[in-house]
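Heads up, my_file-v7.csv below (CSV, C-alpha atoms):
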```
chain,number,residue,atom,x,y,z
S,1,LYS,CA,31.9,-225.9,130.1
S,2,ASN,CA,34.2,-223.8,127.9
S,3,GLN,CA,33.6,-224.5,124.2
S,4,VAL,CA,34.6,-223.3,120.8
S,5,GLU,CA,32.2,-224.0,117.9
S,6,GLN,CA,33.0,-223.3,114.3
S,7,SER,CA,30.7,-223.1,111.3
S,8,PRO,CA,30.3,-224.2,108.7
S,9,GLN,CA,31.9,-227.6,109.1
S,10,SER,CA,33.0,-227.5,105.4
S,11,LEU,CA,32.7,-225.0,102.6
S,12,ILE,CA,33.3,-225.1,98.8
S,13,ILE,CA,33.8,-221.9,96.9
S,14,LEU,CA,35.1,-220.9,93.5
S,15,GLU,CA,38.5,-219.4,93.1
S,16,GLY,CA,38.4,-215.6,93.3
S,17,LYS,CA,35.3,-215.5,95.5
S,18,ASN,CA,35.2,-214.3,99.1
S,19,CYS,CA,34.1,-216.3,102.1
S,20,THR,CA,33.5,-215.9,105.8
S,21,LEU,CA,34.1,-218.5,108.5
S,22,GLN,CA,32.4,-218.3,111.9
S,23,CYS,CA,33.6,-219.1,115.5
S,24,ASN,CA,31.5,-218.9,118.6
S,25,TYR,CA,32.9,-219.5,122.0
S,26,THR,CA,31.9,-219.7,125.6
S,27,VAL,CA,35.4,-219.5,127.1
S,28,SER,CA,35.6,-217.3,130.1
S,29,PRO,CA,37.5,-215.4,131.3
S,30,PHE,CA,38.7,-214.6,127.8
S,31,SER,CA,42.4,-214.0,127.0
S,32,ASN,CA,42.8,-214.2,123.3
S,33,LEU,CA,41.5,-215.7,120.1
S,34,ARG,CA,43.6,-217.1,117.3
S,35,TRP,CA,42.9,-218.3,113.8
S,36,TYR,CA,45.2,-221.0,112.3
S,37,LYS,CA,45.4,-222.4,108.8
S,38,GLN,CA,46.3,-226.1,108.5
S,39,ASP,CA,47.1,-227.7,105.2
S,40,THR,CA,46.6,-231.4,104.9
S,41,GLY,CA,49.3,-233.4,106.6
S,42,ARG,CA,51.0,-230.3,108.1
S,43,GLY,CA,51.0,-228.4,111.4
S,44,PRO,CA,48.7,-225.4,111.9
S,45,VAL,CA,50.1,-222.0,111.0
S,46,SER,CA,49.0,-218.8,112.8
S,47,LEU,CA,47.0,-216.3,110.8
S,48,THR,CA,45.9,-213.8,113.4
S,49,ILE,CA,45.9,-213.3,117.2
S,50,MET,CA,43.4,-210.9,118.9
S,51,THR,CA,43.1,-209.9,122.5
S,52,PHE,CA,40.0,-208.6,124.3
S,53,SER,CA,40.6,-205.0,123.1
S,54,GLU,CA,41.0,-205.8,119.4
S,55,ASN,CA,38.1,-206.2,117.1
S,56,THR,CA,39.8,-206.5,113.7
S,57,LYS,CA,43.2,-208.0,112.6
S,58,SER,CA,44.3,-208.5,109.1
S,59,ASN,CA,47.0,-210.7,107.5
S,60,GLY,CA,47.1,-210.2,103.8
S,61,ARG,CA,43.8,-211.5,102.3
S,62,TYR,CA,42.7,-212.8,105.7
S,63,THR,CA,40.8,-210.5,108.1
S,64,ALA,CA,39.6,-211.6,111.5
S,65,THR,CA,37.0,-209.9,113.6
S,66,LEU,CA,36.1,-210.3,117.2
S,67,ASP,CA,33.0,-209.3,119.2
S,68,ALA,CA,33.9,-210.0,122.8
S,69,ASP,CA,30.4,-209.0,123.9
S,70,THR,CA,28.7,-211.6,121.8
S,71,LYS,CA,31.7,-214.0,122.0
S,72,GLN,CA,31.8,-214.3,118.2
S,73,SER,CA,34.7,-214.2,115.7
S,74,SER,CA,34.8,-214.4,112.0
S,75,LEU,CA,37.6,-215.0,109.5
S,76,HIS,CA,37.0,-213.4,106.1
S,77,ILE,CA,39.0,-214.5,103.1
S,78,THR,CA,39.1,-212.2,100.2
S,79,ALA,CA,39.7,-213.2,96.5
S,80,SER,CA,40.3,-216.8,97.4
S,81,GLN,CA,43.0,-218.8,95.8
S,82,LEU,CA,43.5,-222.5,95.3
S,83,SER,CA,46.2,-222.5,98.0
S,84,ASP,CA,43.6,-221.4,100.5
S,85,SER,CA,42.2,-224.9,100.5
S,86,ALA,CA,42.8,-226.0,104.0
S,87,SER,CA,41.3,-226.4,107.5
S,88,TYR,CA,40.8,-223.2,109.5
S,89,ILE,CA,40.9,-223.6,113.2
S,90,CYS,CA,39.7,-221.1,115.8
S,91,VAL,CA,41.5,-221.3,119.1
S,92,VAL,CA,40.5,-219.5,122.3
S,93,SER,CA,42.6,-219.2,125.5
S,94,GLU,CA,41.4,-218.6,129.0
S,95,ASP,CA,42.9,-215.9,131.2
S,96,THR,CA,43.3,-217.8,134.5
S,97,GLY,CA,46.9,-217.0,135.1
S,98,GLY,CA,47.7,-220.4,133.7
S,99,PHE,CA,47.7,-221.7,130.2
S,100,LYS,CA,44.4,-223.3,129.0
S,101,THR,CA,43.5,-223.4,125.4
S,102,ILE,CA,40.4,-224.7,123.7
S,103,PHE,CA,40.4,-225.6,120.0
S,104,GLY,CA,37.5,-225.5,117.6
S,105,ALA,CA,36.9,-228.5,115.3
S,106,GLY,CA,37.8,-226.4,112.3
S,107,THR,CA,36.2,-225.5,109.0
S,108,ARG,CA,37.4,-227.4,106.0
S,109,LEU,CA,37.6,-225.0,103.0
S,110,PHE,CA,37.8,-226.2,99.4
S,111,VAL,CA,38.6,-223.7,96.7
S,112,LYS,CA,37.8,-224.9,93.2
S,113,ALA,CA,39.1,-223.5,89.9
W,1,LYS,CA,65.9,-219.8,111.8
W,2,ALA,CA,64.8,-223.4,111.5
W,3,GLY,CA,61.3,-224.3,112.4
W,4,VAL,CA,60.0,-226.9,114.8
W,5,THR,CA,61.0,-230.4,113.7
W,6,GLN,CA,59.4,-233.7,114.7
W,7,THR,CA,60.6,-237.2,114.2
W,8,PRO,CA,59.6,-239.6,113.0
W,9,ARG,CA,57.0,-238.2,110.6
W,10,TYR,CA,55.2,-241.5,110.2
W,11,LEU,CA,54.9,-244.5,112.5
W,12,ILE,CA,53.0,-247.8,112.5
W,13,LYS,CA,52.7,-249.7,115.8
W,14,THR,CA,50.8,-252.6,117.1
W,15,ARG,CA,48.3,-252.6,120.0
W,16,GLY,CA,50.1,-253.0,123.4
W,17,GLN,CA,53.4,-251.6,122.2
W,18,GLN,CA,54.9,-248.3,123.3
W,19,VAL,CA,56.1,-245.4,121.2
W,20,THR,CA,58.4,-242.4,121.7
W,21,LEU,CA,58.0,-239.3,119.6
W,22,SER,CA,60.6,-236.5,119.5
W,23,CYS,CA,60.2,-232.7,119.0
W,24,SER,CA,63.0,-230.1,118.6
W,25,PRO,CA,61.7,-226.6,119.2
W,26,ILE,CA,62.8,-223.4,117.4
W,27,SER,CA,66.2,-222.3,118.6
W,28,GLY,CA,65.7,-220.1,121.7
W,29,HIS,CA,62.2,-221.4,122.5
W,30,ARG,CA,61.9,-222.9,125.9
W,31,SER,CA,58.3,-224.0,126.0
W,32,VAL,CA,57.1,-227.2,124.2
W,33,SER,CA,53.5,-228.3,124.0
W,34,TRP,CA,52.1,-231.5,122.7
W,35,TYR,CA,48.7,-232.0,121.0
W,36,GLN,CA,46.7,-235.0,119.7
W,37,GLN,CA,44.7,-234.4,116.5
W,38,THR,CA,42.0,-236.8,115.4
W,39,PRO,CA,39.3,-236.3,112.8
W,40,GLY,CA,36.6,-236.8,115.4
W,41,GLN,CA,38.0,-234.8,118.3
W,42,GLY,CA,40.1,-232.1,116.6
W,43,LEU,CA,43.1,-230.8,118.4
W,44,GLN,CA,43.4,-231.7,122.1
W,45,PHE,CA,46.1,-230.5,124.5
W,46,LEU,CA,48.3,-233.2,126.0
W,47,PHE,CA,50.8,-231.3,128.1
W,48,GLU,CA,53.3,-228.4,128.2
W,49,TYR,CA,56.9,-228.4,129.2
W,50,PHE,CA,59.0,-225.4,130.2
W,51,SER,CA,62.5,-225.5,131.6
W,52,GLU,CA,62.4,-229.3,131.8
W,53,THR,CA,59.2,-229.3,134.0
W,54,GLN,CA,55.7,-230.2,133.1
W,55,ARG,CA,53.7,-227.0,133.6
W,56,ASN,CA,50.2,-227.9,132.3
W,57,LYS,CA,48.5,-231.2,131.5
W,58,GLY,CA,45.4,-232.0,129.6
W,59,ASN,CA,42.8,-234.8,130.2
W,60,PHE,CA,44.7,-237.8,129.0
W,61,PRO,CA,45.4,-241.1,130.8
W,62,GLY,CA,48.7,-241.8,132.4
W,63,ARG,CA,49.8,-243.8,129.4
W,64,PHE,CA,50.7,-240.5,127.9
W,65,SER,CA,53.9,-239.0,129.3
W,66,GLY,CA,56.6,-236.7,128.3
W,67,ARG,CA,59.8,-235.0,129.2
W,68,GLN,CA,62.0,-232.1,128.2
W,69,PHE,CA,65.7,-232.0,128.1
W,70,SER,CA,68.1,-229.2,129.0
W,71,ASN,CA,68.4,-228.2,125.4
W,72,SER,CA,64.5,-227.8,125.3
W,73,ARG,CA,64.1,-230.8,123.1
W,74,SER,CA,61.1,-232.8,124.2
W,75,GLU,CA,59.9,-236.4,123.9
W,76,MET,CA,56.4,-237.8,124.3
W,77,ASN,CA,55.8,-241.5,125.2
W,78,VAL,CA,52.7,-243.5,124.9
W,79,SER,CA,52.7,-246.9,126.5
W,80,THR,CA,50.3,-249.8,126.0
W,81,LEU,CA,49.1,-248.4,122.7
W,82,GLU,CA,45.4,-248.7,121.8
W,83,LEU,CA,43.7,-248.4,118.5
W,84,GLY,CA,42.2,-245.1,119.5
W,85,ASP,CA,45.7,-243.6,119.9
W,86,SER,CA,46.0,-243.5,116.1
W,87,ALA,CA,46.3,-239.8,115.4
W,88,LEU,CA,48.5,-236.9,114.3
W,89,TYR,CA,50.7,-235.8,117.2
W,90,LEU,CA,51.7,-232.2,117.0
W,91,CYS,CA,54.3,-230.3,118.9
W,92,ALA,CA,54.4,-226.6,119.3
W,93,SER,CA,57.1,-224.3,120.6
W,94,SER,CA,57.0,-220.9,122.2
W,95,PRO,CA,59.6,-218.5,123.6
W,96,ARG,CA,58.0,-218.4,127.0
W,97,GLN,CA,55.7,-220.5,129.2
W,98,GLY,CA,52.1,-220.2,128.2
W,99,ASP,CA,53.1,-217.9,125.4
W,100,TYR,CA,50.2,-217.8,123.0
W,101,GLU,CA,52.4,-217.3,120.0
W,102,GLN,CA,52.9,-220.9,119.2
W,103,TYR,CA,54.7,-222.4,116.2
W,104,PHE,CA,53.7,-225.9,115.2
W,105,GLY,CA,55.8,-228.7,113.8
W,106,PRO,CA,54.6,-230.9,110.9
W,107,GLY,CA,53.4,-233.6,113.3
W,108,THR,CA,54.0,-237.4,113.6
W,109,ARG,CA,51.3,-239.6,112.1
W,110,LEU,CA,50.9,-242.6,114.4
W,111,THR,CA,48.9,-245.6,113.2
W,112,VAL,CA,48.1,-248.3,115.7
W,113,THR,CA,47.0,-251.7,114.2
```

Let me see whether you can do it: turn the structure in this file into structure tokens.
Amino acid sequence: KNQVEQSPQSLIILEGKNCTLQCNYTVSPFSNLRWYKQDTGRGPVSLTIMTFSENTKSNGRYTATLDADTKQSSLHITASQLSDSASYICVVSEDTGGFKTIFGAGTRLFVKA
Amino acid sequence: KAGVTQTPRYLIKTRGQQVTLSCSPISGHRSVSWYQQTPGQGLQFLFEYFSETQRNKGNFPGRFSGRQFSNSRSEMNVSTLELGDSALYLCASSPRQGDYEQYFGPGTRLTVT
């Protein structure tokens, strides 16, 4: 069964610190992996999209990595800000010629002053 | 360019009633996907519409249905509401069918009492 698992479930860090969120998946055949940021009460906003051939993608202070061999991805947040407090969702799509997407449960990040 | 809009933003219904949610995609986008988000299950795919036709469907009962109009606007209907249908319903638009670059709306918070 195709799955996407994220860890940790929640995380508390101090403002200015770095953190790394993990995403492991069993989706096959793999098409792409996306990281979304979702603020409370709002829709998810795309941070990065990576295909099989990409192993790093940055978006400002957000850097995503992908290891397609081990089926692992990470999202690294540098110099965290209070506004980074949100849920971060890992999404993996299958390459079946159709459109099938599996969402992770998300990591809830709290950044404290 | 205006983003994805969803109406209403909040809704309270009683068990057994039916509800219709509306989604207006980004101008020029022809694909609209619907998702249900609950704290316990995370984001789950309901269905995707493209050119007024349902192209993909998730594992939800027939009480959940949708349609898309010629202007790409989409509606989702849930009949015979159950308490478990309480959730945030998100709509996402894309330029093409199965396009992985999705843009989410703010969602409709449905509470069933």

Show me, as a PDB file with C-alpha atoms, in the coordinates of the input, the residues of chain S whose atoms get within 7 Å of chain W, using only C-alpha atoms for the distance check.
```pdb
ATOM      1  CA  ARG S  42      51.000-230.300 108.100  1.00  0.00           C
ATOM      2  CA  GLY S  43      51.000-228.400 111.400  1.00  0.00           C
ATOM      3  CA  PRO S  44      48.700-225.400 111.900  1.00  0.00           C
ATOM      4  CA  VAL S  45      50.100-222.000 111.000  1.00  0.00           C
ATOM      5  CA  PHE S  99      47.700-221.700 130.200  1.00  0.00           C
ATOM      6  CA  PHE S 103      40.400-225.600 120.000  1.00  0.00           C
ATOM      7  CA  ALA S 105      36.900-228.500 115.300  1.00  0.00           C
TER       8      ALA S 105
END
```

Would you work out the distance separating CA of Gln68 in chain W from CA of Glu52 in chain W, expressed in Å to one decimal?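 Here the two named atoms are 4.6 Å from each other.
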
Do you have the CA of Ser94 in chain W-CA of Pro61 in chain W distance handy?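 Answer for the CA of Ser94 in chain W to CA of Pro61 in chain W separation: 24.8 Å.
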
Within 10 Å of Leu21 in chain S, counting only C-alpha atoms, which residues show up once you throw out same-chain ones fewer than 5 positions away? Write them as a ChimeraX atom specification, please. /S:6-11,64,73-77,88-90,106-109

What residues have an atom no more than 9 Å from (59.6, -231.9, 128.4) in the file's own frame, counting only C-alpha atoms, and can you write them as a ChimeraX atom specification? /W:31-33,47-54,66-70,72-76

S:Thr101, S:Asn18, S:Ser83, S:Ser93 ranked by distance to Phe52 in chain S, top pick (using all atoms listed in the file):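 Checking each candidate against Phe52 in chain S, we get S:Ser93 as the closest.
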
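When all atoms listed in the file are used to measure the gap to Ser58 in chain S, the shortest distance among S:Thr70, S:Thr40, S:Thr78, S:Asn24 belongs to S:Thr78.
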
List as a count of residues only the protein and nucleic acid residues near Val19 in chain W, meaning an atom at most 7 Å away when all atoms listed in the file are counted, but skip any in the same chain fewer than 5 places from it. 3

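Here CA of Ile12 in chain W stands at a distance of 16.0 Å from CA of Gln36 in chain W.
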
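With distances taken over all atoms listed in the file, S:Gly41 is the one residue among S:Asp95, S:Gly41, S:Val27, S:Thr48 lying closest to Ala87 in chain W.
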
My structure is short of atoms at range 2-28 of chain W; please model N, CA, C and O atoms there, returning them as a PDB file, in the frame of the given file.
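See out01.pdb below for the written result:
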```
ATOM      1  N   ALA W   2      65.543-222.195 111.801  1.00  0.00           N
ATOM      2  CA  ALA W   2      64.800-223.400 111.500  1.00  0.00           C
ATOM      3  C   ALA W   2      63.556-223.512 112.306  1.00  0.00           C
ATOM      4  O   ALA W   2      63.462-222.987 113.419  1.00  0.00           O
ATOM      5  N   GLY W   3      62.547-224.184 111.720  1.00  0.00           N
ATOM      6  CA  GLY W   3      61.300-224.300 112.400  1.00  0.00           C
ATOM      7  C   GLY W   3      61.290-225.481 113.363  1.00  0.00           C
ATOM      8  O   GLY W   3      62.320-226.088 113.646  1.00  0.00           O
ATOM      9  N   VAL W   4      60.107-225.821 113.854  1.00  0.00           N
ATOM     10  CA  VAL W   4      60.000-226.900 114.800  1.00  0.00           C
ATOM     11  C   VAL W   4      60.059-228.241 113.961  1.00  0.00           C
ATOM     12  O   VAL W   4      59.429-228.367 112.904  1.00  0.00           O
ATOM     13  N   THR W   5      60.857-229.157 114.443  1.00  0.00           N
ATOM     14  CA  THR W   5      61.000-230.400 113.700  1.00  0.00           C
ATOM     15  C   THR W   5      60.493-231.565 114.631  1.00  0.00           C
ATOM     16  O   THR W   5      60.662-231.526 115.860  1.00  0.00           O
ATOM     17  N   GLN W   6      59.869-232.530 113.984  1.00  0.00           N
ATOM     18  CA  GLN W   6      59.400-233.700 114.700  1.00  0.00           C
ATOM     19  C   GLN W   6      59.801-234.958 113.995  1.00  0.00           C
ATOM     20  O   GLN W   6      59.788-235.029 112.766  1.00  0.00           O
ATOM     21  N   THR W   7      60.185-235.934 114.793  1.00  0.00           N
ATOM     22  CA  THR W   7      60.600-237.200 114.200  1.00  0.00           C
ATOM     23  C   THR W   7      59.984-238.351 115.059  1.00  0.00           C
ATOM     24  O   THR W   7      59.810-238.206 116.283  1.00  0.00           O
ATOM     25  N   PRO W   8      59.633-239.453 114.428  1.00  0.00           N
ATOM     26  CA  PRO W   8      59.600-239.600 113.000  1.00  0.00           C
ATOM     27  C   PRO W   8      58.313-238.922 112.426  1.00  0.00           C
ATOM     28  O   PRO W   8      57.469-238.478 113.202  1.00  0.00           O
ATOM     29  N   ARG W   9      58.177-238.824 111.145  1.00  0.00           N
ATOM     30  CA  ARG W   9      57.000-238.200 110.600  1.00  0.00           C
ATOM     31  C   ARG W   9      55.839-239.229 110.489  1.00  0.00           C
ATOM     32  O   ARG W   9      54.673-238.857 110.620  1.00  0.00           O
ATOM     33  N   TYR W  10      56.174-240.482 110.295  1.00  0.00           N
ATOM     34  CA  TYR W  10      55.200-241.500 110.200  1.00  0.00           C
ATOM     35  C   TYR W  10      55.603-242.733 111.036  1.00  0.00           C
ATOM     36  O   TYR W  10      56.797-243.045 111.088  1.00  0.00           O
ATOM     37  N   LEU W  11      54.619-243.392 111.641  1.00  0.00           N
ATOM     38  CA  LEU W  11      54.900-244.500 112.500  1.00  0.00           C
ATOM     39  C   LEU W  11      53.763-245.478 112.536  1.00  0.00           C
ATOM     40  O   LEU W  11      52.613-245.054 112.659  1.00  0.00           O
ATOM     41  N   ILE W  12      54.060-246.761 112.426  1.00  0.00           N
ATOM     42  CA  ILE W  12      53.000-247.800 112.500  1.00  0.00           C
ATOM     43  C   ILE W  12      53.406-248.708 113.689  1.00  0.00           C
ATOM     44  O   ILE W  12      54.514-249.257 113.703  1.00  0.00           O
ATOM     45  N   LYS W  13      52.497-248.873 114.640  1.00  0.00           N
ATOM     46  CA  LYS W  13      52.700-249.700 115.800  1.00  0.00           C
ATOM     47  C   LYS W  13      51.564-250.666 115.996  1.00  0.00           C
ATOM     48  O   LYS W  13      50.480-250.454 115.455  1.00  0.00           O
ATOM     49  N   THR W  14      51.806-251.666 116.822  1.00  0.00           N
ATOM     50  CA  THR W  14      50.800-252.600 117.100  1.00  0.00           C
ATOM     51  C   THR W  14      50.223-252.377 118.525  1.00  0.00           C
ATOM     52  O   THR W  14      50.945-251.869 119.406  1.00  0.00           O
ATOM     53  N   ARG W  15      48.975-252.722 118.725  1.00  0.00           N
ATOM     54  CA  ARG W  15      48.300-252.600 120.000  1.00  0.00           C
ATOM     55  C   ARG W  15      49.204-253.186 121.126  1.00  0.00           C
ATOM     56  O   ARG W  15      49.749-254.286 120.959  1.00  0.00           O
ATOM     57  N   GLY W  16      49.328-252.498 122.239  1.00  0.00           N
ATOM     58  CA  GLY W  16      50.100-253.000 123.400  1.00  0.00           C
ATOM     59  C   GLY W  16      51.556-252.530 123.374  1.00  0.00           C
ATOM     60  O   GLY W  16      52.208-252.567 124.425  1.00  0.00           O
ATOM     61  N   GLN W  17      52.048-252.092 122.211  1.00  0.00           N
ATOM     62  CA  GLN W  17      53.400-251.600 122.200  1.00  0.00           C
ATOM     63  C   GLN W  17      53.494-250.196 122.765  1.00  0.00           C
ATOM     64  O   GLN W  17      52.485-249.593 123.109  1.00  0.00           O
ATOM     65  N   GLN W  18      54.705-249.702 122.871  1.00  0.00           N
ATOM     66  CA  GLN W  18      54.900-248.300 123.300  1.00  0.00           C
ATOM     67  C   GLN W  18      55.620-247.561 122.213  1.00  0.00           C
ATOM     68  O   GLN W  18      56.243-248.153 121.325  1.00  0.00           O
ATOM     69  N   VAL W  19      55.534-246.240 122.261  1.00  0.00           N
ATOM     70  CA  VAL W  19      56.100-245.400 121.200  1.00  0.00           C
ATOM     71  C   VAL W  19      56.702-244.137 121.854  1.00  0.00           C
ATOM     72  O   VAL W  19      56.166-243.634 122.847  1.00  0.00           O
ATOM     73  N   THR W  20      57.780-243.648 121.275  1.00  0.00           N
ATOM     74  CA  THR W  20      58.400-242.400 121.700  1.00  0.00           C
ATOM     75  C   THR W  20      58.492-241.454 120.512  1.00  0.00           C
ATOM     76  O   THR W  20      59.038-241.841 119.473  1.00  0.00           O
ATOM     77  N   LEU W  21      57.949-240.263 120.661  1.00  0.00           N
ATOM     78  CA  LEU W  21      58.000-239.300 119.600  1.00  0.00           C
ATOM     79  C   LEU W  21      58.918-238.123 120.075  1.00  0.00           C
ATOM     80  O   LEU W  21      58.968-237.817 121.269  1.00  0.00           O
ATOM     81  N   SER W  22      59.589-237.504 119.117  1.00  0.00           N
ATOM     82  CA  SER W  22      60.600-236.500 119.500  1.00  0.00           C
ATOM     83  C   SER W  22      60.195-235.132 118.819  1.00  0.00           C
ATOM     84  O   SER W  22      59.641-235.093 117.718  1.00  0.00           O
ATOM     85  N   CYS W  23      60.530-234.059 119.524  1.00  0.00           N
ATOM     86  CA  CYS W  23      60.200-232.700 119.000  1.00  0.00           C
ATOM     87  C   CYS W  23      61.428-231.802 119.363  1.00  0.00           C
ATOM     88  O   CYS W  23      61.871-231.724 120.513  1.00  0.00           O
ATOM     89  N   SER W  24      61.922-231.103 118.345  1.00  0.00           N
ATOM     90  CA  SER W  24      63.000-230.100 118.600  1.00  0.00           C
ATOM     91  C   SER W  24      62.376-228.731 118.304  1.00  0.00           C
ATOM     92  O   SER W  24      61.943-228.445 117.179  1.00  0.00           O
ATOM     93  N   PRO W  25      62.315-227.875 119.328  1.00  0.00           N
ATOM     94  CA  PRO W  25      61.700-226.600 119.200  1.00  0.00           C
ATOM     95  C   PRO W  25      62.561-225.607 118.375  1.00  0.00           C
ATOM     96  O   PRO W  25      63.728-225.911 118.089  1.00  0.00           O
ATOM     97  N   ILE W  26      62.015-224.469 118.048  1.00  0.00           N
ATOM     98  CA  ILE W  26      62.800-223.400 117.400  1.00  0.00           C
ATOM     99  C   ILE W  26      63.872-222.965 118.366  1.00  0.00           C
ATOM    100  O   ILE W  26      63.656-222.884 119.583  1.00  0.00           O
ATOM    101  N   SER W  27      65.050-222.686 117.820  1.00  0.00           N
ATOM    102  CA  SER W  27      66.200-222.300 118.600  1.00  0.00           C
ATOM    103  C   SER W  27      65.796-221.081 119.526  1.00  0.00           C
ATOM    104  O   SER W  27      65.260-220.080 119.033  1.00  0.00           O
ATOM    105  N   GLY W  28      66.053-221.213 120.816  1.00  0.00           N
ATOM    106  CA  GLY W  28      65.700-220.100 121.700  1.00  0.00           C
ATOM    107  C   GLY W  28      64.378-220.273 122.413  1.00  0.00           C
ATOM    108  O   GLY W  28      64.102-219.610 123.414  1.00  0.00           O
TER     109      GLY W  28
END
```
